[in-house]
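A.B. asks: Take a look at the following structure, please.
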Amino acid sequence: MFDFPSIQELVIQVPVFLLALTIHECAHGWAADRLGDPTAKLQGRLTLNPLAHLDIIGTIAIFLIGFGWAKPVPVDARYFRQPRRDMVLVAAAGPLSNAVLAVAAAFCFQMIPWRSLLTTESAWLVLPIARVIKSSVYVNVILAVFNLLPIPPLDGSRVVSGLLPPRQAITYSRLEPYGFVILFLLFFSRVTDHILWPPIHFLTTALFRMWA
């Protein structure tokens with residue numbers, strides 16, 4: 001699924017990934033705080049400073065394979081008035097934030113008059129900026145779709161667990177200790193190529209055509 005990125009790709013993708021991951025985790029914390037759980041706020045996670053959210057291995061992975069992850073935001077469901085419903089909302093906030101960023105980036109990409117800018121004195125900046133914005137669309141769509149996979153500990157599993165009847169949710173939660181193993185097997189067997197890339201391709205294509 002992943003190819004080793006070039007130096008030029010890293011210069012563009014790393015800042016885009018860090019921003020997308022930071023906003024994703026901050027969205028989880030913000031939603032939890034709004035629903036009554038101050039844990040993320042007390043631990044300094046309601047910030048757009050990437051250093052507060054970085055996971056060492058996840059950050060190294062961005063440099064090695066062009067994809068990574070951040071530290072999960074701590075959530076204490078005991079603060080919630082309706083724990084099952086509120087956990088679904090908190091889990092969904094992360095992918096939703098990436099979806100919003102993808103839409104915003106696609107809108108900017110289509111609205112900016114790139115051809116006219118290429119004729120100005122700042123033309124040398126235009127192409128890198130265009131690539132950053134375009135990369136932001138792809139990165140945020142990938143993060144949104146990936147995190148909605150119903151495999152623990154991804155956000156999709158929290159959403160599914162909250163929507164299932166309590167007894168089935170308990171049974172489903174027993175998968176959590178094996179979540180990383182399942183993800184590892186799916187990625188390296190390339191099964192995820194067939195699961196992730198069709199919706200990613202569809203969504204990115206639709207976004208770039210939306211305002212064309």
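Ligands are numbered from 1 in the order shown, chains are lettered A, B, ... in the order of the structure tokens, and residues start at 1 in each chain.
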Could you build a table of the residues in range 115-176 of chain A lying no more than 12 Å from range 185-193 of chain A, giving for each the nearest pair of atoms and their separation in Å rounded to one decimal place, using only C-alpha atoms, ordered by chain and ascending residue number, as a tab-separated table?

C.D. replies:
```
residue	atom	partner	partner_atom	distance
A:Ile142	CA	A:Asp193	CA	11.8
A:Val145	CA	A:Thr192	CA	11.1
A:Phe146	CA	A:Thr192	CA	9.2
A:Leu149	CA	A:Thr192	CA	9.8
A:Ile151	CA	A:Leu186	CA	10.6
```

A.B. asks: Once you count only C-alpha atoms, what closest atom pair and distance in Å to one decimal does each residue of range 85-113 of chain A within 7 Å of range 16-36 of chain A have, with rows by chain and rising residue number, as JSON lines?

C.D. replies:
```
{"residue": "A:Asp86", "atom": "CA", "partner": "A:Leu35", "partner_atom": "CA", "distance": 6.9}
{"residue": "A:Val90", "atom": "CA", "partner": "A:His28", "partner_atom": "CA", "distance": 5.3}
{"residue": "A:Ala91", "atom": "CA", "partner": "A:His28", "partner_atom": "CA", "distance": 6.5}
{"residue": "A:Ala93", "atom": "CA", "partner": "A:His28", "partner_atom": "CA", "distance": 5.5}
{"residue": "A:Gly94", "atom": "CA", "partner": "A:His24", "partner_atom": "CA", "distance": 4.4}
{"residue": "A:Pro95", "atom": "CA", "partner": "A:His24", "partner_atom": "CA", "distance": 6.7}
{"residue": "A:Ser97", "atom": "CA", "partner": "A:His24", "partner_atom": "CA", "distance": 5.9}
{"residue": "A:Asn98", "atom": "CA", "partner": "A:His24", "partner_atom": "CA", "distance": 6.4}
```

A.B. asks: Could you turn the residues from that selection into a file that holds C-alpha atoms, as a PDB file, in the first residue's frame?

C.D. replies:
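Here's the written file result30.pdb:
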```pdb
ATOM      1  CA  ASP A  86     -21.293  10.833  23.512  1.00  0.00           C
ATOM      2  CA  VAL A  90     -16.293  12.155  20.191  1.00  0.00           C
ATOM      3  CA  ALA A  91     -15.064   9.370  17.919  1.00  0.00           C
ATOM      4  CA  ALA A  93     -15.298  14.340  15.549  1.00  0.00           C
ATOM      5  CA  GLY A  94     -11.817  13.315  14.350  1.00  0.00           C
ATOM      6  CA  PRO A  95     -12.737  11.996  10.879  1.00  0.00           C
ATOM      7  CA  SER A  97     -12.555  17.406  11.110  1.00  0.00           C
ATOM      8  CA  ASN A  98     -10.468  15.816   8.347  1.00  0.00           C
TER       9      ASN A  98
END
```

A.B. asks: Give me the residues of range 83-166 of chain A that have any atom at most 9 Å from an atom of range 201-212 of chain A; for each, the nearest atom pair and the distance in Å, rounded to one decimal. Use only C-alpha atoms, sort by chain and number, and format it as a tab-separated table.

C.D. replies:
```
residue	atom	partner	partner_atom	distance
A:Ala102	CA	A:Leu207	CA	8.0
A:Val103	CA	A:Leu207	CA	6.6
A:Ala106	CA	A:Phe208	CA	5.8
A:Phe107	CA	A:Trp211	CA	6.8
A:Phe109	CA	A:Phe208	CA	8.0
A:Gln110	CA	A:Trp211	CA	6.2
A:Met111	CA	A:Trp211	CA	7.8
A:Val137	CA	A:Thr204	CA	7.0
A:Tyr138	CA	A:Thr204	CA	6.5
A:Val141	CA	A:Thr204	CA	7.0
```

A.B. asks: Could you go through chain A and tell me which residues DSSP, when run on the backbone, assigns to helix (DSSP H, G or I), listing them as a ChimeraX atom specification?

C.D. replies: /A:7-34,39-42,50-52,56-65,77-79,83-111,114-117,123-147,155-163,166-173,176-188,191-210

A.B. asks: Excluding range 122-129 of chain A and any residue of its chain fewer than 5 positions from it, enumerate the residues within 8 Å of it, using only C-alpha atoms, and give them as a list in words.

C.D. replies: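 Once the nearby chain positions are removed, what remains is Ile12, Trp114 and Leu117 of chain A.
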
A.B. asks: Those same residues, written as a compact mmCIF listing (two decimals), in the first residue's frame with C-alpha atoms?

C.D. replies:
```txt
# COMPACT_ATOMS: atom_id res chain seq x y z
CA ILE A 12 5.22 18.71 1.28
CA TRP A 114 -3.16 29.32 -10.62
CA LEU A 117 -0.36 33.55 -10.60
```
